Structure formats: C-alpha cells, structure tokens
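Colleague: The structure file start-v9.tsv (TSV, C-alpha atoms and all ligand atoms) is provided below.
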chain	number	residue	atom	x	y	z
X	252	MET	CA	-157.50	32.70	-25.78
X	253	LYS	CA	-159.55	30.62	-28.22
X	254	ILE	CA	-159.51	27.00	-27.06
X	255	LEU	CA	-161.06	24.09	-28.94
X	256	LEU	CA	-161.99	20.96	-26.96
X	257	ILE	CA	-162.15	17.95	-29.27
X	258	GLY	CA	-164.35	15.34	-27.53
X	259	GLY	CA	-165.51	18.20	-25.32
X	260	ALA	CA	-169.04	16.85	-24.82
X	261	GLY	CA	-167.73	13.99	-22.66
X	262	PHE	CA	-167.25	13.80	-18.91
X	263	VAL	CA	-164.04	15.83	-18.64
X	264	GLY	CA	-164.93	18.20	-21.47
X	265	GLY	CA	-168.07	19.51	-19.74
X	266	HIS	CA	-166.13	20.39	-16.59
X	267	LEU	CA	-163.17	21.78	-18.53
X	268	LYS	CA	-165.39	24.03	-20.66
X	269	ASN	CA	-166.88	25.64	-17.52
X	270	ALA	CA	-163.47	26.10	-15.89
X	271	LEU	CA	-161.91	27.67	-18.99
X	272	MET	CA	-164.86	29.99	-19.50
X	273	ALA	CA	-164.59	31.10	-15.87
X	274	ARG	CA	-161.00	32.05	-16.71
X	275	ASN	CA	-162.29	34.22	-19.58
X	276	HIS	CA	-161.28	32.02	-22.49
X	277	GLU	CA	-163.41	31.60	-25.59
X	278	VAL	CA	-164.21	27.89	-25.63
X	279	PHE	CA	-165.48	25.77	-28.52
X	280	ILE	CA	-166.60	22.16	-28.28
X	281	ALA	CA	-166.32	19.67	-31.13
X	282	ASP	CA	-167.82	16.25	-30.57
X	283	ARG	CA	-169.96	13.75	-32.39
X	284	MET	CA	-173.19	14.36	-30.47
X	285	GLU	CA	-176.35	14.79	-32.53
X	286	ASN	CA	-177.66	18.13	-31.25
X	287	ALA	CA	-174.38	20.03	-31.81
X	288	ALA	CA	-175.78	22.42	-34.40
X	289	GLN	CA	-178.35	23.81	-31.96
X	290	ILE	CA	-175.75	25.21	-29.56
X	291	ASP	CA	-173.61	28.16	-30.56
X	292	SER	CA	-170.15	27.09	-29.41
X	293	TYR	CA	-170.67	23.42	-30.40
X	294	ARG	CA	-169.64	21.79	-33.66
X	295	LYS	CA	-170.33	18.28	-34.85
X	296	ILE	CA	-167.12	16.46	-35.67
X	297	ASP	CA	-166.11	12.90	-36.47
X	298	LEU	CA	-162.46	11.97	-36.25
X	299	ASP	CA	-162.95	9.63	-39.22
X	300	ASN	CA	-163.87	12.59	-41.43
X	301	ARG	CA	-160.92	14.79	-42.42
X	302	ASP	CA	-163.09	17.22	-44.43
X	303	LEU	CA	-165.27	17.90	-41.40
X	304	ILE	CA	-162.19	18.39	-39.22
X	305	ARG	CA	-160.75	20.84	-41.77
X	306	ASP	CA	-164.00	22.87	-41.92
X	307	ILE	CA	-164.14	23.15	-38.15
X	308	LEU	CA	-160.51	24.14	-37.69
X	309	THR	CA	-160.57	26.74	-40.46
X	310	GLY	CA	-163.87	28.11	-39.13
X	311	ILE	CA	-162.65	28.49	-35.55
X	312	ARG	CA	-158.87	28.93	-35.91
X	313	PRO	CA	-158.13	28.10	-32.25
X	314	ASP	CA	-154.96	29.11	-30.38
X	315	CYS	CA	-154.93	25.77	-28.59
X	316	ILE	CA	-156.49	22.35	-29.18
X	317	VAL	CA	-157.18	20.00	-26.25
X	318	HIS	CA	-157.73	16.54	-27.72
X	319	LEU	CA	-159.99	14.61	-25.33
X	320	ALA	CA	-161.93	12.56	-27.88
X	321	ALA	CA	-161.47	8.84	-27.45
X	322	GLN	CA	-163.00	5.48	-26.90
X	323	SER	CA	-162.18	5.97	-23.21
X	324	SER	CA	-163.19	2.65	-21.65
X	325	VAL	CA	-160.53	0.03	-20.88
X	326	SER	CA	-163.24	-2.58	-20.47
X	327	LEU	CA	-164.83	-1.84	-23.88
X	328	SER	CA	-161.41	-1.89	-25.54
X	329	TRP	CA	-161.20	-5.63	-24.83
X	330	LYS	CA	-164.54	-6.18	-26.59
X	331	GLU	CA	-163.89	-3.73	-29.43
X	332	PRO	CA	-160.13	-3.45	-30.01
X	333	GLU	CA	-160.50	-2.50	-33.67
X	334	GLN	CA	-162.90	0.37	-33.03
X	335	THR	CA	-160.70	1.52	-30.11
X	336	LEU	CA	-157.64	1.71	-32.35
X	337	ARG	CA	-159.58	3.35	-35.17
X	338	THR	CA	-160.86	6.17	-32.96
X	339	ASN	CA	-157.87	6.60	-30.67
X	340	VAL	CA	-155.01	6.11	-33.13
X	341	SER	CA	-156.29	6.76	-36.68
X	342	GLY	CA	-158.81	9.39	-35.56
X	343	SER	CA	-156.15	11.26	-33.59
X	344	LEU	CA	-153.78	11.07	-36.55
X	345	ASN	CA	-156.47	12.55	-38.82
X	346	LEU	CA	-157.02	15.39	-36.36
X	347	PHE	CA	-153.34	16.13	-35.88
X	348	GLN	CA	-152.46	16.06	-39.56
X	349	VAL	CA	-155.31	18.35	-40.55
X	350	ALA	CA	-154.44	20.72	-37.68
X	351	ALA	CA	-150.78	20.74	-38.75
X	352	GLU	CA	-151.86	21.64	-42.29
X	353	VAL	CA	-154.50	24.30	-41.68
X	354	ASN	CA	-154.05	25.57	-38.09
X	355	PRO	CA	-150.74	24.55	-36.49
X	356	CYS	CA	-151.52	25.76	-32.96
X	357	ARG	CA	-150.57	24.34	-29.55
X	358	PHE	CA	-151.82	20.78	-29.20
X	359	ILE	CA	-152.55	18.96	-25.92
X	360	PHE	CA	-152.99	15.21	-26.26
X	361	ILE	CA	-154.78	13.49	-23.38
X	362	GLY	CA	-153.21	10.07	-22.94
X	363	SER	CA	-153.55	7.87	-19.86
X	364	GLY	CA	-151.73	6.55	-16.81
X	365	GLU	CA	-152.72	3.13	-18.21
X	366	GLU	CA	-149.89	3.53	-20.75
X	367	TYR	CA	-147.35	2.49	-18.09
X	368	GLY	CA	-149.06	-0.86	-17.50
X	369	ILE	CA	-147.85	-3.66	-15.33
X	370	LEU	CA	-144.50	-2.65	-13.85
X	371	CYS	CA	-145.64	-0.57	-10.87
X	372	THR	CA	-145.02	-1.82	-7.32
X	373	GLU	CA	-146.17	-0.63	-3.89
X	374	ASP	CA	-142.98	1.29	-3.21
X	375	GLN	CA	-142.05	2.29	-6.76
X	376	ALA	CA	-144.59	4.71	-8.22
X	377	PHE	CA	-144.37	5.56	-11.92
X	378	THR	CA	-142.62	8.70	-13.13
X	379	GLU	CA	-142.51	10.02	-16.68
X	380	GLU	CA	-139.22	8.11	-17.08
X	381	SER	CA	-140.78	4.71	-16.32
X	382	PRO	CA	-140.91	2.19	-19.16
X	383	CYS	CA	-144.35	1.56	-20.65
X	384	VAL	CA	-145.70	-1.98	-20.76
X	385	PRO	CA	-149.39	-1.42	-21.59
X	386	CYS	CA	-151.68	-4.36	-20.86
X	387	ASN	CA	-154.95	-3.65	-22.65
X	388	PRO	CA	-155.93	-2.40	-26.14
X	389	TYR	CA	-156.93	1.03	-24.80
X	390	ALA	CA	-153.52	1.54	-23.17
X	391	VAL	CA	-151.75	0.41	-26.35
X	392	SER	CA	-153.81	2.90	-28.37
X	393	LYS	CA	-152.90	5.82	-26.08
X	394	LEU	CA	-149.19	4.98	-25.96
X	395	CYS	CA	-149.00	4.55	-29.72
X	396	THR	CA	-150.87	7.80	-30.40
X	397	GLY	CA	-148.81	9.84	-27.96
X	398	GLN	CA	-145.56	8.64	-29.50
X	399	LEU	CA	-146.79	9.11	-33.05
X	400	LEU	CA	-148.10	12.65	-32.50
X	401	ALA	CA	-144.94	13.69	-30.60
X	402	LEU	CA	-142.82	12.66	-33.60
X	403	LEU	CA	-145.02	14.51	-36.09
X	404	ALA	CA	-145.17	17.59	-33.85
X	405	LYS	CA	-141.38	17.65	-33.66
X	406	LYS	CA	-141.10	17.40	-37.43
X	407	LYS	CA	-143.59	20.26	-37.91
X	408	GLN	CA	-142.31	22.27	-34.90
X	409	ILE	CA	-145.76	22.38	-33.33
X	410	PRO	CA	-145.85	22.95	-29.54
X	411	PHE	CA	-147.15	19.62	-28.23
X	412	VAL	CA	-147.64	17.99	-24.85
X	413	HIS	CA	-148.78	14.49	-23.92
X	414	LEU	CA	-150.60	14.30	-20.57
X	415	ARG	CA	-151.08	11.05	-18.69
X	416	PRO	CA	-153.97	11.41	-16.24
X	417	PHE	CA	-154.48	8.52	-13.83
X	418	ASN	CA	-158.03	7.52	-12.81
X	419	HIS	CA	-160.40	10.42	-12.33
X	420	PHE	CA	-164.02	10.66	-11.27
X	421	GLY	CA	-166.79	13.05	-10.26
X	422	PRO	CA	-170.28	14.28	-11.09
X	423	GLN	CA	-171.47	13.60	-14.63
X	424	GLN	CA	-169.17	10.66	-15.30
X	425	ARG	CA	-171.22	7.98	-16.96
X	426	THR	CA	-171.62	4.47	-15.59
X	427	GLY	CA	-169.12	1.93	-16.89
X	428	PHE	CA	-166.38	3.52	-14.73
X	429	VAL	CA	-165.88	2.20	-11.24
X	430	ILE	CA	-166.90	5.09	-8.98
X	431	ALA	CA	-169.91	6.00	-11.13
X	432	ASP	CA	-170.90	2.31	-11.09
X	433	PHE	CA	-170.70	2.12	-7.29
X	434	CYS	CA	-172.35	5.49	-6.53
X	435	SER	CA	-175.19	5.02	-9.04
X	436	GLN	CA	-176.14	1.65	-7.55
X	437	ILE	CA	-176.01	2.95	-3.96
X	438	ALA	CA	-178.09	6.03	-4.86
X	439	ARG	CA	-180.66	3.79	-6.57
X	440	ALA	CA	-180.84	1.53	-3.51
X	441	GLU	CA	-181.34	4.56	-1.24
X	442	GLN	CA	-184.13	5.74	-3.50
X	443	THR	CA	-186.06	2.50	-2.92
X	444	GLY	CA	-185.45	2.85	0.83
X	445	LYS	CA	-184.70	-0.86	1.10
X	446	SER	CA	-181.58	-2.94	1.58
X	447	ALA	CA	-180.08	-3.92	-1.79
X	448	THR	CA	-177.34	-5.92	-3.49
X	449	ILE	CA	-174.91	-4.12	-5.78
X	450	LYS	CA	-172.79	-5.79	-8.46
X	451	VAL	CA	-169.09	-5.07	-8.63
X	452	GLY	CA	-166.01	-6.26	-10.50
X	453	ASN	CA	-162.45	-6.95	-9.37
X	454	LEU	CA	-161.92	-5.28	-5.97
X	455	GLU	CA	-158.26	-6.24	-5.52
X	456	MET	CA	-156.73	-3.76	-7.98
X	457	LYS	CA	-155.14	-0.54	-6.66
X	458	ARG	CA	-155.64	2.73	-8.52
X	459	ASP	CA	-154.51	6.34	-8.06
X	460	PHE	CA	-157.60	8.60	-8.20
X	461	LEU	CA	-158.09	12.33	-8.77
X	462	TYR	CA	-161.30	14.28	-8.33
X	463	ILE	CA	-162.44	15.92	-11.58
X	464	ASP	CA	-161.80	19.50	-10.38
X	465	ASP	CA	-158.13	18.65	-9.86
X	466	ILE	CA	-157.76	17.19	-13.35
X	467	VAL	CA	-159.47	20.21	-14.84
X	468	SER	CA	-157.25	22.66	-12.94
X	469	ALA	CA	-154.22	20.90	-14.45
X	470	TYR	CA	-155.65	21.00	-18.00
X	471	CYS	CA	-156.33	24.75	-17.61
X	472	LEU	CA	-152.69	25.38	-16.69
X	473	PHE	CA	-151.47	23.39	-19.68
X	474	ALA	CA	-153.91	25.17	-22.02
X	475	GLU	CA	-152.63	28.54	-20.82
X	476	ALA	CA	-148.92	27.65	-20.84
X	477	GLU	CA	-146.74	29.22	-23.49
X	478	ARG	CA	-144.33	26.31	-23.60
X	479	TYR	CA	-143.89	22.81	-22.25
X	480	PRO	CA	-140.46	22.16	-20.70
X	481	HIS	CA	-141.12	18.38	-20.92
X	482	GLY	CA	-143.04	16.34	-23.48
X	483	ILE	CA	-144.97	14.11	-21.04
X	484	TYR	CA	-146.59	14.88	-17.67
X	485	ASN	CA	-148.26	12.47	-15.27
X	486	LEU	CA	-151.32	13.77	-13.41
X	487	SER	CA	-152.05	11.79	-10.27
X	488	SER	CA	-152.41	11.97	-6.49
X	489	GLY	CA	-149.32	9.90	-5.66
X	490	LYS	CA	-151.25	7.31	-3.68
X	491	ALA	CA	-153.15	4.26	-4.89
X	492	TYR	CA	-156.15	2.81	-3.02
X	493	ARG	CA	-157.51	-0.68	-3.34
X	494	ILE	CA	-160.89	-0.60	-5.12
X	495	ARG	CA	-162.29	-2.56	-2.14
X	496	GLU	CA	-161.39	0.37	0.19
X	497	ILE	CA	-163.31	2.76	-2.05
X	498	LEU	CA	-166.32	0.47	-2.10
X	499	ASP	CA	-166.17	0.07	1.71
X	500	TYR	CA	-166.12	3.83	2.19
X	501	LEU	CA	-169.07	4.40	-0.15
X	502	VAL	CA	-171.06	1.56	1.44
X	503	SER	CA	-170.34	3.07	4.88
X	504	GLN	CA	-171.98	6.31	3.65
X	505	SER	CA	-175.09	4.56	2.37
X	506	ARG	CA	-178.44	5.31	4.02
X	507	VAL	CA	-179.64	1.72	3.45
X	508	SER	CA	-177.87	-1.57	4.02
X	509	ILE	CA	-175.88	-2.78	1.00
X	510	GLN	CA	-174.75	-6.28	0.14
X	511	VAL	CA	-172.04	-6.79	-2.44
X	512	GLU	CA	-172.07	-9.40	-5.21
X	513	ILE	CA	-169.00	-10.04	-7.33
X	514	ASP	CA	-169.93	-10.16	-11.02
X	515	PRO	CA	-167.36	-12.17	-13.02
X	516	GLU	CA	-168.66	-10.47	-16.20
X	517	LYS	CA	-167.04	-7.26	-14.95
X	518	TYR	CA	-163.59	-8.83	-14.76
X	519	ARG	CA	-161.02	-8.03	-17.45
X	520	PRO	CA	-158.70	-10.56	-19.09
X	521	VAL	CA	-155.56	-8.80	-17.76
X	522	GLU	CA	-155.11	-5.95	-15.28
X	523	ALA	CA	-152.18	-4.04	-13.85
X	524	PRO	CA	-152.45	-4.85	-10.10
X	525	ILE	CA	-151.41	-1.33	-9.13
X	526	LEU	CA	-151.22	2.00	-10.97
X	527	GLN	CA	-149.71	4.78	-8.91
X	528	SER	CA	-147.69	7.78	-9.95
X	529	SER	CA	-145.76	10.79	-8.83
X	530	ALA	CA	-146.90	14.09	-10.32
X	531	GLU	CA	-143.76	15.88	-9.22
X	532	LEU	CA	-142.92	17.10	-12.70
X	533	ALA	CA	-146.28	18.89	-13.03
X	534	TRP	CA	-145.57	20.49	-9.65
X	535	LEU	CA	-142.03	21.54	-10.57
X	536	ASP	CA	-142.89	22.95	-14.02
X	537	PHE	CA	-146.48	24.20	-13.50
X	538	SER	CA	-146.97	24.39	-9.69
X	539	TRP	CA	-149.89	21.97	-10.02
X	540	LYS	CA	-150.96	19.63	-7.30
X	541	PRO	CA	-154.31	18.14	-6.36
X	542	GLN	CA	-156.45	19.90	-3.73
X	543	TYR	CA	-159.18	17.34	-3.00
X	544	SER	CA	-158.86	14.29	-0.76
X	545	LEU	CA	-160.28	11.03	-2.09
X	546	GLN	CA	-163.01	11.09	0.60
X	547	GLU	CA	-164.11	14.64	-0.32
X	548	GLY	CA	-164.35	13.67	-3.96
X	549	LEU	CA	-166.27	10.47	-3.20
X	550	GLN	CA	-168.73	12.35	-0.98
X	551	LYS	CA	-169.38	14.98	-3.66
X	552	THR	CA	-169.86	12.31	-6.31
X	553	LEU	CA	-172.24	10.21	-4.19
X	554	ASP	CA	-174.26	13.35	-3.36
X	555	TRP	CA	-174.49	14.19	-7.06
X	556	TRP	CA	-175.83	10.70	-7.84
X	557	ARG	CA	-178.37	11.05	-5.02
X	558	ILE	CA	-179.79	14.26	-6.52
X	559	ARG	CA	-179.73	12.81	-10.03
X	560	THR	CA	-181.50	9.63	-8.92
X	561	GLU	CA	-184.19	11.59	-7.01
X	562	GLY	CA	-184.82	13.73	-10.11
S	1	LIG	O1	-168.40	8.08	-27.64
S	1	LIG	P1	-169.30	9.29	-27.53
S	1	LIG	O2	-170.35	9.35	-28.59
S	1	LIG	O3	-169.78	9.48	-26.10
S	1	LIG	O4	-168.36	10.59	-27.85
S	1	LIG	C1	-167.11	10.73	-27.21
S	1	LIG	C2	-166.15	11.51	-28.09
S	1	LIG	N1	-165.71	10.72	-29.25
S	1	LIG	C3	-165.59	11.23	-30.49
S	1	LIG	N2	-165.75	12.48	-30.96
S	1	LIG	C4	-165.55	12.66	-32.28
S	1	LIG	N3	-165.20	11.69	-33.14
S	1	LIG	C5	-165.03	10.42	-32.71
S	1	LIG	N4	-164.70	9.45	-33.58
S	1	LIG	C6	-165.22	10.15	-31.33
S	1	LIG	N5	-165.15	9.03	-30.55
S	1	LIG	C7	-165.44	9.40	-29.30
S	1	LIG	O5	-165.07	11.82	-27.19
S	1	LIG	C8	-167.11	11.56	-25.95
S	1	LIG	O6	-168.04	12.63	-26.02
S	1	LIG	C9	-165.65	12.10	-25.90
S	1	LIG	C10	-164.81	11.42	-24.84
S	1	LIG	O7	-165.45	11.63	-23.61
S	1	LIG	P2	-165.54	10.50	-22.48
S	1	LIG	O8	-165.71	9.16	-23.09
S	1	LIG	O9	-166.57	10.96	-21.49
S	1	LIG	O10	-164.09	10.53	-21.85
S	1	LIG	P3	-163.57	11.43	-20.63
S	1	LIG	O11	-163.72	10.66	-19.37
S	1	LIG	O12	-164.12	12.79	-20.74
S	1	LIG	O13	-162.01	11.42	-20.92
S	1	LIG	C11	-161.37	12.44	-21.68
S	1	LIG	C12	-160.01	11.91	-22.14
S	1	LIG	C13	-160.13	10.66	-23.04
S	1	LIG	O14	-159.18	10.79	-24.08
S	1	LIG	C14	-159.79	9.51	-22.15
S	1	LIG	O15	-159.26	8.42	-22.86
S	1	LIG	C15	-158.77	10.15	-21.21
S	1	LIG	O16	-159.25	11.48	-21.01
S	1	LIG	O17	-158.72	9.49	-19.95
S	2	LIG	N1	-165.89	-0.04	-14.34
S	2	LIG	C1	-165.82	-0.82	-13.24
S	2	LIG	N2	-167.00	-1.24	-12.67
S	2	LIG	N3	-164.62	-1.15	-12.74
S	2	LIG	C2	-164.59	-1.90	-11.63
S	2	LIG	C3	-165.75	-2.37	-11.00
S	2	LIG	C4	-167.02	-2.03	-11.55
S	2	LIG	O1	-168.09	-2.40	-11.04
S	2	LIG	N4	-165.38	-3.10	-9.91
S	2	LIG	C5	-164.05	-3.08	-9.87
S	2	LIG	N5	-163.55	-2.37	-10.90
S	2	LIG	C6	-162.12	-2.10	-11.17
S	2	LIG	C7	-161.61	-2.34	-12.58
S	2	LIG	O2	-161.37	-3.75	-12.77
S	2	LIG	C8	-160.34	-1.48	-12.59
S	2	LIG	O3	-159.27	-2.17	-11.98
S	2	LIG	C9	-160.70	-0.29	-11.69
S	2	LIG	O4	-161.89	-0.71	-10.96
S	2	LIG	C10	-160.99	1.01	-12.43
S	2	LIG	O5	-161.83	0.74	-13.53
S	2	LIG	P1	-162.53	1.89	-14.41
S	2	LIG	O6	-163.17	2.91	-13.55
S	2	LIG	O7	-163.43	1.21	-15.41
S	2	LIG	O8	-161.34	2.65	-15.11
S	2	LIG	P2	-159.99	2.18	-15.79
S	2	LIG	O9	-158.92	2.20	-14.73
S	2	LIG	O10	-160.14	0.92	-16.51
S	2	LIG	O11	-159.71	3.39	-16.81
S	2	LIG	C11	-159.95	4.76	-16.41
S	2	LIG	O12	-158.75	5.36	-15.96
S	2	LIG	C12	-157.75	5.57	-16.97
S	2	LIG	C13	-156.55	6.27	-16.31
S	2	LIG	O13	-155.92	5.40	-15.43
S	2	LIG	C14	-160.58	5.50	-17.59
S	2	LIG	O14	-161.08	6.75	-17.13
S	2	LIG	C15	-159.57	5.73	-18.69
S	2	LIG	O15	-160.15	6.53	-19.73
S	2	LIG	C16	-158.34	6.44	-18.09
S	2	LIG	O16	-157.36	6.65	-19.09
Please rewrite the model in this file as structure tokens.
Ligand code: A2R
Ligand code: GDD
Modeller:
Amino acid sequence: MKILLIGGAGFVGGHLKNALMARNHEVFIADRMENAAQIDSYRKIDLDNRDLIRDILTGIRPDCIVHLAAQSSVSLSWKEPEQTLRTNVSGSLNLFQVAAEVNPCRFIFIGSGEEYGILCTEDQAFTEESPCVPCNPYAVSKLCTGQLLALLAKKKQIPFVHLRPFNHFGPQQRTGFVIADFCSQIARAEQTGKSATIKVGNLEMKRDFLYIDDIVSAYCLFAEAERYPHGIYNLSSGKAYRIREILDYLVSQSRVSIQVEIDPEKYRPVEAPILQSSAELAWLDFSWKPQYSLQEGLQKTLDWWRIRTEG
C-alpha cells in the first residue's frame, strides 16, 4: 500500500516510517523540514500552502494518509495559541479539503488523549464515550479538528478515523516533553561523571504512558485496516503514573547522584490532574494492546540518551 505520513519527519513519523516499510508498504514523508528535496521519499510541505499540498497529493496519490503534523506541545500552546490553532486546525482543514478534492483516500487523524481534559478520576478512566472538557489550547485545537474533519469526511463519504493517543515517549523524542527532559538531563550528568541537579516541572500530575513501539504498532494496524467500525479510538496503557514516580525510577537508574530542583517556569497555567484511559475498543476492533511495560520503555529511552550524549 502507498502510505503518506504528513508531519512524518517528527518523533512518531520516523518510527512509523520504519515500521510500515518493514511491513512492505511504500511510505512517503511530507514535512516542512529544509532538506526534504535531497531524500527520495521525502517532500517538503506546509499546511498553510494549499497549492503545495495539491502538488504532493497528485504526485503521490496515496492509498492512505496519516496526518501527524501538528504543533504538538501543550506547553508551547499556552505561549503561542494562535500559531497552534493555525497549524492544528486551519492547516489540517487545508490538508483534508485538498485531499477530498484530488485524492479522497483513507484518512487517519492523530488527535490526543488531552482532548478529554479535566474530568478523569482515579477510578474512572476515560473511554471514547467520555465527554471532552479540554483545558489547554493544544487540546482545544485537537478536539475541534477531529470533530470538523469527521463531519466533512461523512459529507464526502471518505473513510476517516480519529485516534486519541495518550502520552508516548521513546528514543528520538525531542526535549520539551517530560521523559526526554528527564533522560537527557540524567545522561548529561552521567557524562560529566559528577553529581548534578536537574530541573523539573510539576511532578504531581498523573499520566498514562505508552512506549513508542506500541503507538506505532497501533498506527500500522489502522493504516492497514479496510474500515473503521468506530470513529474514535483511544490508545493508552490503562494505567496512569504520577510524574514523580517516573522521575524517581529514572533517578534510581542514574550512575551519578542526582538532585532535583523544581522550576516554576515549567509549570502550566492549568493541568488535568490525571489522564488515564481504557483502550478496550482498540483491542475489541483491532486486537491491539501495548506490549511494553513502563519500566522497559524508560530503560530503553534512558539508554538511547546515554549513547546520544556520549556521541
Ligand atoms: O514543527 P517542526 O518544524 O518540527 O515540524 C513538525 C511538523 N509540522 C508541520 N509540517 C508541515 N506543515 C506545518 N505547518 C507543520 N507544523 C508542524 O509536524 C514535525 O516534524 C511534525 C510533528 O512532529 P512532532 O512535533 O515530533 O510530533 P510527534 O510527537 O511525532 O506527534 C505526532 C502527532 C502530533 O499530531 C501530536 O499532536 C500527536 O501525535 O500527539
Ligand atoms: N515537558 C515537561 N518537562 N513536562 C513536565 C516536566 C518537565 O520537566 N516536569 C513535569 N512535567 C509534567 C507536565 O506538567 C505534564 O503534566 C506531564 O509532565 C507531561 O508533559 P509533556 O511530556 O510535556 O506532555 P503533555 O502531556 O503535555 O502532552 C503530550 O501528550 C499528549 C497526549 O496525552 C504530547 O506528546 C502531546 O502531543 C500529546 O497529544
């Protein structure tokens, strides 16, 4: 199958490209990175530019589009709400409308577990039926886009699915996301061989984490599916951990002694205290469930940062 990953040069896209190619698909990446023209399967795209989107879609004519491109940081969305909405809402609308006009293939929209927002409790995990009360500009942008594209897809009879991944992490994720922030600082401290202080944000929040290989295995199944029995699927482990527990585990693995300093600059104006979800629907319809424990994923990610920092 010919699969086009929009925003495919990002963290998830790199892993997804490798996994899809290993399953014998022909994979194309469209992203806004500068050196796109030098690599065969890469195309430079900008979601603001409908002509460019049209050229790429008519040139490739994919069987399936996985739309990963986004301003993906919750933290940045507080500082740049306008740019977040422009990329995530208007940019996605540009992409979808051009696709519907010139290449109406299957369309997978990557939303976020953040769309559910503040109503989760310890004993009531989210399901796809839960009401959404998003509590940051990024979450608003993903909810709005998912709803908008689902309506347009219905009108045009385009096979469409809206996925809601909860937090995910692994090698190659850039700093600015919690586990990359923790691992990169620990690896740097180990490199100096001396005890060090690392800066962290709010440790009281609870989040439901998946290792990158589990997210990618789900996206492969959705890319290969002929139909989607439901319009929305949550992708999650089913269990939230306090960020403090994750930090404690990583610090316990450190080869040098680590002190922790809370940095108020890393706090956000509002946060959902807990985000936790069942992924039962993805299991029932697609036989997907995560394979990696949180500890395995953390160990692999810390080891990757160690090698990267040595290099
Ligand atoms: O922001 P950049 O220059 O790193 O490029 C990102 C790209 N992107 C765009 N591509 C084309 N036109 C745009 N206007 C545009 N704005 C952003 O999308 C980046 O290469 C990619 C997104 O990758 P990451 O930020 O690494 O996100 P990640 O973790 O791979 O997440 C994939 C999806 C996103 O929709 C998240 O919101 C969701 O999963 O959690
Ligand atoms: N980034 C960061 N850095 N977050 C920290 C830190 C730190 O040093 N210390 C504590 N945190 C807390 C944040 O306050 C938040 O509660 C949690 O760790 C996770 O933050 P991020 O890793 O930045 O991710 P996010 O939850 O805001 O968003 C991610 O997950 C969403 C799905 O739930 C992103 O990957 C989104 O794109 C994705 O949709």
Colleague: Using Å and a single decimal, report how far CA of Thr309 (chain X) sits from CA of Lys253 (chain X).
Modeller: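 Distance reported for this atom pair: 12.9 Å.
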Colleague: Per residue of chain X within 6 Å of ligand LIG 1 (chain S), which atom pair is closest and at what distance in Å (one decimal), using all atoms listed in the file, listed by chain and increasing number, as a tab-separated table?
Modeller:
residue	atom	partner	partner_atom	distance
X:Gly258	CA	S:LIG1	O5	3.6
X:Ala260	CA	S:LIG1	O6	4.5
X:Gly261	CA	S:LIG1	O7	3.4
X:Phe262	CA	S:LIG1	O12	3.8
X:Val263	CA	S:LIG1	O12	3.7
X:Gly264	CA	S:LIG1	O12	5.5
X:Asp282	CA	S:LIG1	N2	4.3
X:Arg283	CA	S:LIG1	C4	4.5
X:Ile296	CA	S:LIG1	C4	5.3
X:Asp297	CA	S:LIG1	N3	3.7
X:Leu298	CA	S:LIG1	N3	4.2
X:Asp299	CA	S:LIG1	N4	5.9
X:Leu319	CA	S:LIG1	O14	4.1
X:Ala320	CA	S:LIG1	O5	3.3
X:Ala321	CA	S:LIG1	C7	4.4
X:Gln322	CA	S:LIG1	C7	5.2
X:Ser323	CA	S:LIG1	O15	3.8
X:Thr338	CA	S:LIG1	N4	5.1
X:Ile361	CA	S:LIG1	O14	5.2
X:Gly362	CA	S:LIG1	C15	5.8
X:Ser363	CA	S:LIG1	O17	5.4
Colleague: Could you check which of X:Tyr367, X:Asn339, X:Ala404, X:Asp459 is closest to Glu379 (chain X), using all atoms listed in the file?
Modeller: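 Looking at the shortest contact to Glu379 (chain X), the residue is X:Tyr367.
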Colleague: Could you pull the residues within 9 Å of Pro388 (chain X), counting all atoms listed in the file, minus those fewer than 5 positions along the same chain, as a PyMOL selection string?
Modeller: chain X and resi 325+328-329+331-333+335-336+393
Colleague: May I have the protein, DNA and RNA residues with an atom at most 12 Å from (-157.4, 11.8, -10.7), counting all atoms listed in the file in the file's coordinates, returned as a VMD selection string?
Modeller: chain X and resid 263 363 to 364 415 to 421 430 458 to 470 485 to 492 526 to 530 540 to 545 548 to 549
